[in-house]
file upload.csv (CSV, C-alpha atoms)
chain,number,residue,atom,x,y,z
A,1376,MET,CA,-15.2,-103.6,-9.1
A,1377,GLN,CA,-11.8,-103.6,-7.5
A,1378,ARG,CA,-11.5,-101.2,-4.6
A,1379,ALA,CA,-8.5,-99.5,-3.1
A,1380,PRO,CA,-7.6,-100.1,0.5
A,1381,THR,CA,-9.9,-97.8,2.5
A,1382,ARG,CA,-8.1,-95.0,4.4
A,1383,ALA,CA,-10.6,-95.2,7.2
A,1384,ASP,CA,-8.6,-93.0,9.4
A,1385,TYR,CA,-8.3,-90.2,6.9
A,1386,PRO,CA,-9.0,-87.1,9.0
A,1387,TRP,CA,-10.8,-84.8,6.5
A,1388,THR,CA,-13.7,-84.9,4.1
A,1389,LEU,CA,-11.5,-83.8,1.2
A,1390,ARG,CA,-8.1,-82.3,0.6
A,1391,LEU,CA,-6.9,-80.9,-2.7
A,1392,VAL,CA,-3.1,-80.6,-3.2
A,1393,HIS,CA,-1.4,-78.7,-6.0
A,1394,GLU,CA,1.6,-80.8,-7.1
A,1395,GLY,CA,3.0,-78.5,-9.7
A,1396,TYR,CA,2.2,-78.0,-13.4
A,1397,SER,CA,-1.4,-79.1,-13.9
A,1398,SER,CA,-1.3,-81.8,-11.3
A,1399,ILE,CA,-4.0,-81.8,-8.6
A,1400,ARG,CA,-4.3,-84.6,-6.0
A,1401,VAL,CA,-7.7,-85.3,-4.5
A,1402,GLU,CA,-7.3,-87.0,-1.1
A,1403,ARG,CA,-10.3,-88.7,0.6
A,1404,ALA,CA,-11.3,-91.7,2.6
A,1405,GLY,CA,-10.9,-94.3,-0.1
A,1406,ARG,CA,-9.1,-94.2,-3.4
A,1407,TRP,CA,-7.2,-90.9,-4.2
A,1408,PHE,CA,-7.6,-89.2,-7.5
A,1409,ARG,CA,-4.8,-87.5,-9.5
A,1410,PHE,CA,-5.6,-85.0,-12.2
A,1411,ASP,CA,-2.8,-84.8,-14.8
A,1412,PRO,CA,-0.1,-86.2,-12.5
A,1413,TYR,CA,3.3,-84.7,-13.3
A,1414,GLN,CA,5.0,-87.2,-10.9
A,1415,VAL,CA,4.5,-91.0,-11.1
A,1416,PRO,CA,1.2,-91.8,-9.4
A,1417,GLU,CA,1.1,-94.5,-6.7
A,1418,ALA,CA,-0.2,-97.9,-7.6
A,1419,ASP,CA,-3.7,-97.5,-6.1
A,1420,HIS,CA,-4.2,-93.9,-7.3
A,1421,GLN,CA,-6.7,-93.2,-10.0
A,1422,SER,CA,-5.3,-90.8,-12.6
A,1423,ILE,CA,-7.5,-88.6,-14.8
A,1424,LEU,CA,-6.0,-87.0,-17.9
A,1425,THR,CA,-7.8,-83.8,-18.9
A,1426,TRP,CA,-5.8,-83.1,-22.1
A,1427,ASN,CA,-3.1,-84.4,-24.3
A,1428,GLU,CA,-0.4,-81.8,-23.4
A,1429,CYS,CA,2.9,-83.5,-22.8
A,1430,GLU,CA,3.4,-82.0,-19.3
A,1431,ARG,CA,-0.1,-83.2,-18.2
A,1432,ALA,CA,0.9,-86.8,-19.2
A,1433,GLU,CA,4.4,-86.7,-17.8
A,1434,GLY,CA,3.8,-88.9,-14.7
A,1435,LEU,CA,1.8,-91.4,-16.6
A,1436,LEU,CA,4.3,-91.7,-19.5
A,1437,THR,CA,7.0,-92.5,-16.9
A,1438,ALA,CA,4.7,-95.0,-15.2
A,1439,VAL,CA,3.9,-96.7,-18.5
A,1440,SER,CA,7.5,-96.8,-19.6
A,1441,LYS,CA,8.3,-98.6,-16.3
A,1442,ALA,CA,5.4,-101.1,-16.8
A,1443,LEU,CA,3.7,-99.9,-13.6
A,1444,THR,CA,0.3,-100.3,-15.1
A,1445,PRO,CA,-1.2,-97.0,-13.9
A,1446,ARG,CA,-5.0,-96.6,-13.5
A,1447,VAL,CA,-6.2,-94.1,-16.1
A,1448,VAL,CA,-9.4,-92.3,-17.1
A,1449,ALA,CA,-9.0,-90.2,-20.3
A,1450,HIS,CA,-10.4,-89.4,-23.7
A,1451,PRO,CA,-10.6,-92.7,-25.6
A,1452,GLU,CA,-8.0,-91.7,-28.1
A,1453,VAL,CA,-5.6,-90.6,-25.4
A,1454,LEU,CA,-6.2,-93.8,-23.5
A,1455,GLY,CA,-5.5,-95.8,-26.6
A,1456,TRP,CA,-2.3,-93.9,-27.3
A,1457,LEU,CA,-1.1,-94.6,-23.7
A,1458,GLN,CA,-2.0,-98.3,-24.1
A,1459,SER,CA,0.0,-98.5,-27.3
A,1460,LEU,CA,3.1,-97.5,-25.3
A,1461,GLY,CA,2.7,-100.0,-22.4
A,1462,PRO,CA,0.4,-101.5,-19.8
A,1463,VAL,CA,-2.5,-99.4,-18.6
A,1464,GLN,CA,-5.5,-100.2,-16.4
A,1465,PRO,CA,-8.4,-98.2,-17.9
A,1466,GLY,CA,-11.0,-96.9,-15.5
A,1467,GLY,CA,-14.7,-96.6,-16.3
A,1468,ASP,CA,-17.3,-94.0,-15.4
A,1469,GLU,CA,-17.3,-95.1,-11.8
A,1470,VAL,CA,-14.3,-95.8,-9.7
A,1471,ASP,CA,-14.4,-96.7,-6.0
A,1472,GLY,CA,-18.0,-95.4,-5.7
A,1473,VAL,CA,-17.1,-92.1,-7.4
A,1474,ARG,CA,-18.9,-91.3,-10.6
A,1475,ILE,CA,-16.7,-89.7,-13.3
A,1476,GLU,CA,-18.2,-87.5,-16.0
A,1477,MET,CA,-16.2,-85.8,-18.8
A,1478,LEU,CA,-17.2,-83.2,-21.4
A,1479,GLU,CA,-15.1,-81.8,-24.2
A,1480,TYR,CA,-14.5,-78.0,-24.6
A,1481,GLU,CA,-12.9,-75.6,-26.9
A,1482,PRO,CA,-9.6,-74.2,-25.5
A,1483,VAL,CA,-8.2,-70.8,-26.0
A,1484,PRO,CA,-6.8,-70.5,-29.5
A,1485,TYR,CA,-3.2,-71.8,-29.6
A,1486,ALA,CA,-1.8,-68.6,-30.9
A,1487,THR,CA,-3.6,-65.3,-31.0
A,1488,PRO,CA,-1.5,-62.7,-32.8
A,1489,ILE,CA,0.1,-61.4,-29.5
A,1490,GLU,CA,0.6,-64.9,-28.1
A,1491,PHE,CA,2.1,-66.1,-31.4
A,1492,ALA,CA,4.7,-63.3,-31.2
A,1493,ARG,CA,5.4,-64.3,-27.6
A,1494,LYS,CA,5.8,-68.0,-28.4
A,1495,THR,CA,8.0,-67.2,-31.5
A,1496,LYS,CA,10.3,-65.1,-29.3
A,1497,ALA,CA,10.4,-67.8,-26.6
A,1498,ALA,CA,11.3,-70.4,-29.2
A,1499,LEU,CA,14.1,-68.3,-30.6
A,1500,LEU,CA,15.5,-67.6,-27.1
A,1501,SER,CA,15.3,-71.3,-26.1
A,1502,PRO,CA,15.4,-73.4,-29.2
A,1503,GLY,CA,16.4,-76.6,-27.3
A,1504,MET,CA,13.3,-76.4,-25.1
A,1505,ALA,CA,11.1,-75.7,-28.1
A,1506,ALA,CA,12.5,-78.7,-29.9
A,1507,ARG,CA,12.0,-81.0,-27.0
A,1508,ARG,CA,8.4,-80.0,-26.6
A,1509,LEU,CA,7.7,-80.4,-30.3
A,1510,TYR,CA,9.3,-83.9,-30.1
A,1511,LYS,CA,7.2,-84.9,-27.1
A,1512,ARG,CA,4.0,-83.6,-28.8
A,1513,ALA,CA,4.6,-85.4,-32.1
A,1514,GLY,CA,3.0,-88.7,-31.1
A,1515,LEU,CA,0.1,-87.2,-29.1
A,1516,PRO,CA,-3.4,-87.7,-30.5
A,1517,LYS,CA,-5.0,-84.4,-31.4
A,1518,VAL,CA,-8.1,-84.3,-29.2
A,1519,PRO,CA,-10.0,-81.6,-27.3
A,1520,PRO,CA,-9.4,-81.1,-23.6
A,1521,VAL,CA,-12.2,-82.0,-21.2
A,1522,ILE,CA,-13.8,-80.8,-18.0
A,1523,VAL,CA,-14.4,-83.4,-15.3
A,1524,GLN,CA,-17.0,-83.9,-12.6
A,1525,LEU,CA,-16.5,-86.3,-9.7
A,1526,THR,CA,-19.6,-87.2,-7.7
A,1527,PHE,CA,-18.7,-88.8,-4.4
A,1528,PRO,CA,-20.7,-91.5,-2.7
A,1529,ASP,CA,-22.3,-89.0,-0.3
A,1530,GLY,CA,-23.6,-87.0,-3.3
A,1531,ARG,CA,-21.2,-84.1,-3.1
A,1532,ARG,CA,-19.6,-83.0,-6.3
A,1533,LEU,CA,-16.3,-81.6,-7.5
A,1534,LEU,CA,-16.3,-79.9,-10.9
A,1535,HIS,CA,-12.9,-79.4,-12.6
A,1536,LEU,CA,-13.5,-76.8,-15.3
A,1537,ASN,CA,-9.9,-77.0,-16.5
A,1538,CYS,CA,-9.2,-73.9,-18.7
A,1539,SER,CA,-12.7,-73.9,-20.4
A,1540,LEU,CA,-13.6,-70.4,-19.3
A,1541,HIS,CA,-12.2,-67.7,-21.6
A,1542,GLN,CA,-13.4,-65.0,-23.9
A,1543,TRP,CA,-14.0,-67.5,-26.7
A,1544,THR,CA,-16.1,-69.9,-24.6
A,1545,PRO,CA,-19.3,-70.6,-26.7
A,1546,ALA,CA,-22.4,-69.3,-25.0
A,1547,ASP,CA,-24.4,-72.4,-25.8
A,1548,TRP,CA,-21.7,-74.7,-24.4
A,1549,LEU,CA,-21.6,-72.6,-21.2
A,1550,ASP,CA,-25.4,-72.8,-20.8
A,1551,GLU,CA,-25.3,-76.6,-21.3
A,1552,VAL,CA,-22.5,-77.1,-18.7
A,1553,VAL,CA,-24.2,-74.8,-16.1
A,1554,ALA,CA,-27.5,-76.7,-16.5
A,1555,ARG,CA,-25.8,-80.1,-16.2
A,1556,PHE,CA,-23.1,-79.4,-13.6
A,1557,GLY,CA,-24.1,-76.2,-11.8
A,1558,GLY,CA,-24.3,-76.0,-8.0
A,1559,ALA,CA,-21.3,-78.3,-7.4
A,1560,ASP,CA,-19.8,-78.2,-3.9
A,1561,TRP,CA,-16.3,-77.4,-5.2
A,1562,VAL,CA,-15.7,-75.7,-8.6
A,1563,LEU,CA,-12.1,-75.6,-9.8
A,1564,ALA,CA,-11.1,-73.4,-12.7
A,1565,GLY,CA,-7.9,-72.7,-14.4
A,1566,VAL,CA,-7.2,-69.2,-15.7
A,1567,ASP,CA,-5.5,-68.9,-19.1
A,1568,TYR,CA,-3.1,-66.0,-19.5
A,1569,GLN,CA,-4.9,-62.7,-19.6
A,1570,GLU,CA,-8.3,-64.4,-19.4
A,1571,GLU,CA,-9.0,-63.2,-15.8
A,1572,GLN,CA,-11.9,-61.1,-16.7
A,1573,ALA,CA,-13.6,-63.8,-18.7
A,1574,VAL,CA,-13.2,-66.3,-15.8
A,1575,PHE,CA,-14.5,-63.8,-13.4
A,1576,GLU,CA,-17.6,-63.2,-15.5
A,1577,ARG,CA,-18.4,-66.8,-16.4
A,1578,ILE,CA,-17.7,-68.7,-13.2
A,1579,GLN,CA,-20.4,-66.9,-11.3
A,1580,ALA,CA,-23.1,-68.8,-13.3
A,1581,PHE,CA,-22.0,-72.1,-11.8
A,1582,GLY,CA,-23.2,-71.3,-8.3
A,1583,GLY,CA,-20.4,-73.3,-6.7
A,1584,LYS,CA,-20.5,-73.5,-2.9
A,1585,GLN,CA,-16.7,-73.0,-2.9
A,1586,VAL,CA,-14.7,-71.8,-5.9
A,1587,LEU,CA,-11.0,-72.5,-6.4
A,1588,LEU,CA,-9.0,-70.8,-9.1
A,1589,ILE,CA,-6.1,-73.1,-9.8
A,1590,ASP,CA,-2.8,-72.4,-11.5
A,1591,LEU,CA,-2.6,-74.9,-14.4
A,1592,LEU,CA,-0.2,-73.0,-16.7
A,1593,ASN,CA,2.5,-71.0,-15.0
A,1594,ASP,CA,5.0,-73.8,-14.6
A,1595,THR,CA,4.8,-74.6,-18.3
A,1596,ARG,CA,4.8,-71.0,-19.4
A,1597,ALA,CA,7.8,-70.1,-17.2
A,1598,ALA,CA,9.7,-73.1,-18.4
A,1599,ILE,CA,9.4,-72.0,-22.1
A,1600,GLY,CA,10.0,-68.3,-21.4
A,1601,LEU,CA,6.5,-67.0,-21.6
A,1602,PRO,CA,5.0,-64.4,-19.2
A,1603,THR,CA,2.8,-65.8,-16.3
A,1604,GLY,CA,-0.2,-64.5,-14.5
A,1605,ILE,CA,-1.4,-64.3,-10.8
A,1606,LEU,CA,-4.7,-65.5,-9.4
A,1607,THR,CA,-5.1,-63.4,-6.2
A,1608,PRO,CA,-6.7,-60.3,-7.8
A,1609,THR,CA,-9.4,-62.3,-9.4
A,1610,VAL,CA,-10.0,-64.3,-6.2
A,1611,ASP,CA,-10.3,-61.1,-4.3
A,1612,ARG,CA,-12.9,-59.8,-6.8
A,1613,LEU,CA,-14.9,-63.0,-6.5
A,1614,LYS,CA,-14.8,-62.6,-2.7
A,1615,SER,CA,-16.0,-59.0,-3.0
A,1616,ILE,CA,-19.2,-60.2,-4.7
A,1617,GLY,CA,-19.9,-62.8,-2.1
A,1618,LEU,CA,-18.3,-66.0,-3.5
A,1619,ASP,CA,-16.4,-68.3,-1.2
A,1620,ALA,CA,-13.3,-68.2,-3.4
A,1621,TYR,CA,-9.7,-69.4,-3.0
A,1622,ALA,CA,-6.5,-69.7,-5.0
A,1623,LEU,CA,-4.7,-73.0,-5.3
A,1624,VAL,CA,-1.1,-72.8,-6.6
A,1625,GLU,CA,1.9,-75.1,-6.6
A,1626,GLY,CA,2.7,-76.5,-3.1
A,1627,ALA,CA,-0.5,-75.3,-1.6
A,1628,SER,CA,-3.5,-77.4,-0.4
A,1629,PHE,CA,-7.2,-76.8,0.3
A,1630,ARG,CA,-8.8,-78.8,3.1
A,1631,VAL,CA,-12.4,-79.6,3.8
A,1632,GLU,CA,-13.1,-80.6,7.4

call {"tool": "encode", "arguments": {"input": "upload.csv", "output": "C-alpha cells"}}
result
Amino acid sequence: MQRAPTRADYPWTLRLVHEGYSSIRVERAGRWFRFDPYQVPEADHQSILTWNECERAEGLLTAVSKALTPRVVAHPEVLGWLQSLGPVQPGGDEVDGVRIEMLEYEPVPYATPIEFARKTKAALLSPGMAARRLYKRAGLPKVPPVIVQLTFPDGRRLLHLNCSLHQWTPADWLDEVVARFGGADWVLAGVDYQEEQAVFERIQAFGGKQVLLIDLLNDTRAAIGLPTGILTPTVDRLKSIGLDAYALVEGASFRVE
C-alpha cells in the first residue's frame, strides 16, 4: 500500500478545518483526508465523496479535468462516473492505516411542500443559477448519500453523519448505526434546514465523546437564494444537557491536542 510522506512534526492529534460548502479537511500525522473538497485537493490528500451533489464534487471534477489523478473514495457508481471523465486513483477500505467505512442513508425529501415553494421562487429569481445547477447535475449518477467512519491507527474514531439525522430518519436505520458506530471519539453531523430539533434528539444516542455540528448547506442555499440556518442554538442546547459540543462553520477549525 502506498503511503503519504509522514508529517512527523505535525503538532496535534487531529485538526478539522471547514473549507466552505461541504468541504472538511482532516489533518493528522500522515495522510490528510478531505471530505467533499470544494477546492482541488493536493496530490497526496485522500478525498472522500459523501454524495453526488455538484458542489461536493467541485474540487475533484476540476482535478480530474486537469488530469491530476486525485485519490478518491466514493460510492462505486460515483467513482465510476468520475473515472469516465478522467484519471482517478481509487482508494480502498483502508488508506494509510486508516479504516474507511461507509453506509448509505435516506436524505431529507428533496422538496417538501414548503421547500418546493422556496426552491421554485429561488429559481424564478435566479434562472441562470438554476440552469447551471441543473446542467451540472445532469450527468451525475443518482445514488444515496453516505455516512463515513474513519478509524485511525490508534483506534480512535471519527464518525461523519453527513445530513442523515432529520425527522424522516428511519428508526431501524438509526438503531443499526448507533449499534455499529456509537461511542466514536468525534461525531460530526450536518443540520438540514429547520431540522435542528431532529438532530438534537437523535444525536444524543451516539454517545460521542465530542460532538461537532457542521455547516454543510448554507453556502449552497445562500448561492441559490434559499434561507439558511444557524448552529449555535442547537450546540448550546447540547451543552446544556452535558454534551461536549461545538459548531464548525466555514473558515473555522477544531483542534485536538

call {"tool": "atom_distance", "arguments": {"input": "upload.csv", "atom1": "CA of Ser1539 in chain A", "atom2": "CA of Arg1474 in chain A"}}
result
20.9 Å

call {"tool": "atom_distance", "arguments": {"input": "upload.csv", "atom1": "CA of Ala1564 in chain A", "atom2": "CA of Ile1522 in chain A"}}
result
9.5 Å

call {"tool": "closest_residue", "arguments": {"input": "upload.csv", "among": "A:Ala1418, A:Val1470, A:Val1453, A:Leu1424", "to": "Ala1438 in chain A", "atoms": "all atoms listed in the file"}}
result
A:Ala1418

call {"tool": "closest_residue", "arguments": {"input": "upload.csv", "among": "A:Asp1550, A:Asp1590, A:Asp1567, A:Glu1430", "to": "Pro1482 in chain A", "atoms": "all atoms listed in the file"}}
result
A:Asp1567

call {"tool": "atom_distance", "arguments": {"input": "upload.csv", "atom1": "CA of Asp1560 in chain A", "atom2": "CA of Glu1433 in chain A"}}
result
29.2 Å

call {"tool": "closest_residue", "arguments": {"input": "upload.csv", "among": "A:Ala1573, A:Ile1599, A:Leu1592, A:Leu1587", "to": "Leu1533 in chain A", "atoms": "all atoms listed in the file"}}
result
A:Leu1587

call {"tool": "closest_residue", "arguments": {"input": "upload.csv", "among": "A:Ser1459, A:Gln1421, A:Thr1544, A:Thr1388", "to": "Asp1529 in chain A", "atoms": "all atoms listed in the file"}}
result
A:Thr1388

call {"tool": "closest_residue", "arguments": {"input": "upload.csv", "among": "A:Ile1399, A:Ile1475, A:Leu1389, A:Leu1606", "to": "Gly1626 in chain A", "atoms": "all atoms listed in the file"}}
result
A:Ile1399

call {"tool": "residues_around", "arguments": {"input": "upload.csv", "residues": "Glu1481 in chain A", "least_positions_apart": "6", "cutoff": "9 Å", "atoms": "all atoms listed in the file", "output": "number ranges by chain"}}
result
A: 1519-1521, 1539, 1543-1545

call {"tool": "residues_near_point", "arguments": {"input": "upload.csv", "point": "(-9.0, -75.2, -1.8)", "cutoff": "12 Å", "atoms": "only C-alpha atoms", "output": "ChimeraX atom specification"}}
result
/A:1389-1393,1399-1402,1533,1560-1564,1584-1590,1610,1619-1632

call {"tool": "write_last_selection", "arguments": {"input": "upload.csv", "atoms": "C-alpha atoms", "output": "PDB file, in the frame of the given file"}}
result
ATOM      1  CA  LEU A1389     -11.500 -83.800   1.200  1.00  0.00           C
ATOM      2  CA  ARG A1390      -8.100 -82.300   0.600  1.00  0.00           C
ATOM      3  CA  LEU A1391      -6.900 -80.900  -2.700  1.00  0.00           C
ATOM      4  CA  VAL A1392      -3.100 -80.600  -3.200  1.00  0.00           C
ATOM      5  CA  HIS A1393      -1.400 -78.700  -6.000  1.00  0.00           C
ATOM      6  CA  ILE A1399      -4.000 -81.800  -8.600  1.00  0.00           C
ATOM      7  CA  ARG A1400      -4.300 -84.600  -6.000  1.00  0.00           C
ATOM      8  CA  VAL A1401      -7.700 -85.300  -4.500  1.00  0.00           C
ATOM      9  CA  GLU A1402      -7.300 -87.000  -1.100  1.00  0.00           C
ATOM     10  CA  LEU A1533     -16.300 -81.600  -7.500  1.00  0.00           C
ATOM     11  CA  ASP A1560     -19.800 -78.200  -3.900  1.00  0.00           C
ATOM     12  CA  TRP A1561     -16.300 -77.400  -5.200  1.00  0.00           C
ATOM     13  CA  VAL A1562     -15.700 -75.700  -8.600  1.00  0.00           C
ATOM     14  CA  LEU A1563     -12.100 -75.600  -9.800  1.00  0.00           C
ATOM     15  CA  ALA A1564     -11.100 -73.400 -12.700  1.00  0.00           C
ATOM     16  CA  LYS A1584     -20.500 -73.500  -2.900  1.00  0.00           C
ATOM     17  CA  GLN A1585     -16.700 -73.000  -2.900  1.00  0.00           C
ATOM     18  CA  VAL A1586     -14.700 -71.800  -5.900  1.00  0.00           C
ATOM     19  CA  LEU A1587     -11.000 -72.500  -6.400  1.00  0.00           C
ATOM     20  CA  LEU A1588      -9.000 -70.800  -9.100  1.00  0.00           C
ATOM     21  CA  ILE A1589      -6.100 -73.100  -9.800  1.00  0.00           C
ATOM     22  CA  ASP A1590      -2.800 -72.400 -11.500  1.00  0.00           C
ATOM     23  CA  VAL A1610     -10.000 -64.300  -6.200  1.00  0.00           C
ATOM     24  CA  ASP A1619     -16.400 -68.300  -1.200  1.00  0.00           C
ATOM     25  CA  ALA A1620     -13.300 -68.200  -3.400  1.00  0.00           C
ATOM     26  CA  TYR A1621      -9.700 -69.400  -3.000  1.00  0.00           C
ATOM     27  CA  ALA A1622      -6.500 -69.700  -5.000  1.00  0.00           C
ATOM     28  CA  LEU A1623      -4.700 -73.000  -5.300  1.00  0.00           C
ATOM     29  CA  VAL A1624      -1.100 -72.800  -6.600  1.00  0.00           C
ATOM     30  CA  GLU A1625       1.900 -75.100  -6.600  1.00  0.00           C
ATOM     31  CA  GLY A1626       2.700 -76.500  -3.100  1.00  0.00           C
ATOM     32  CA  ALA A1627      -0.500 -75.300  -1.600  1.00  0.00           C
ATOM     33  CA  SER A1628      -3.500 -77.400  -0.400  1.00  0.00           C
ATOM     34  CA  PHE A1629      -7.200 -76.800   0.300  1.00  0.00           C
ATOM     35  CA  ARG A1630      -8.800 -78.800   3.100  1.00  0.00           C
ATOM     36  CA  VAL A1631     -12.400 -79.600   3.800  1.00  0.00           C
ATOM     37  CA  GLU A1632     -13.100 -80.600   7.400  1.00  0.00           C
TER      38      GLU A1632
END

call {"tool": "closest_residue", "arguments": {"input": "upload.csv", "among": "A:Lys1517, A:Arg1531, A:Lys1614, A:Arg1409", "to": "Arg1431 in chain A", "atoms": "only C-alpha atoms"}}
result
A:Arg1409

call {"tool": "residues_around", "arguments": {"input": "upload.csv", "residues": "Ser1440 in chain A", "least_positions_apart": "5", "cutoff": "9 Å", "atoms": "only C-alpha atoms", "output": "PyMOL selection string"}}
result
chain A and resi 1435+1460-1462
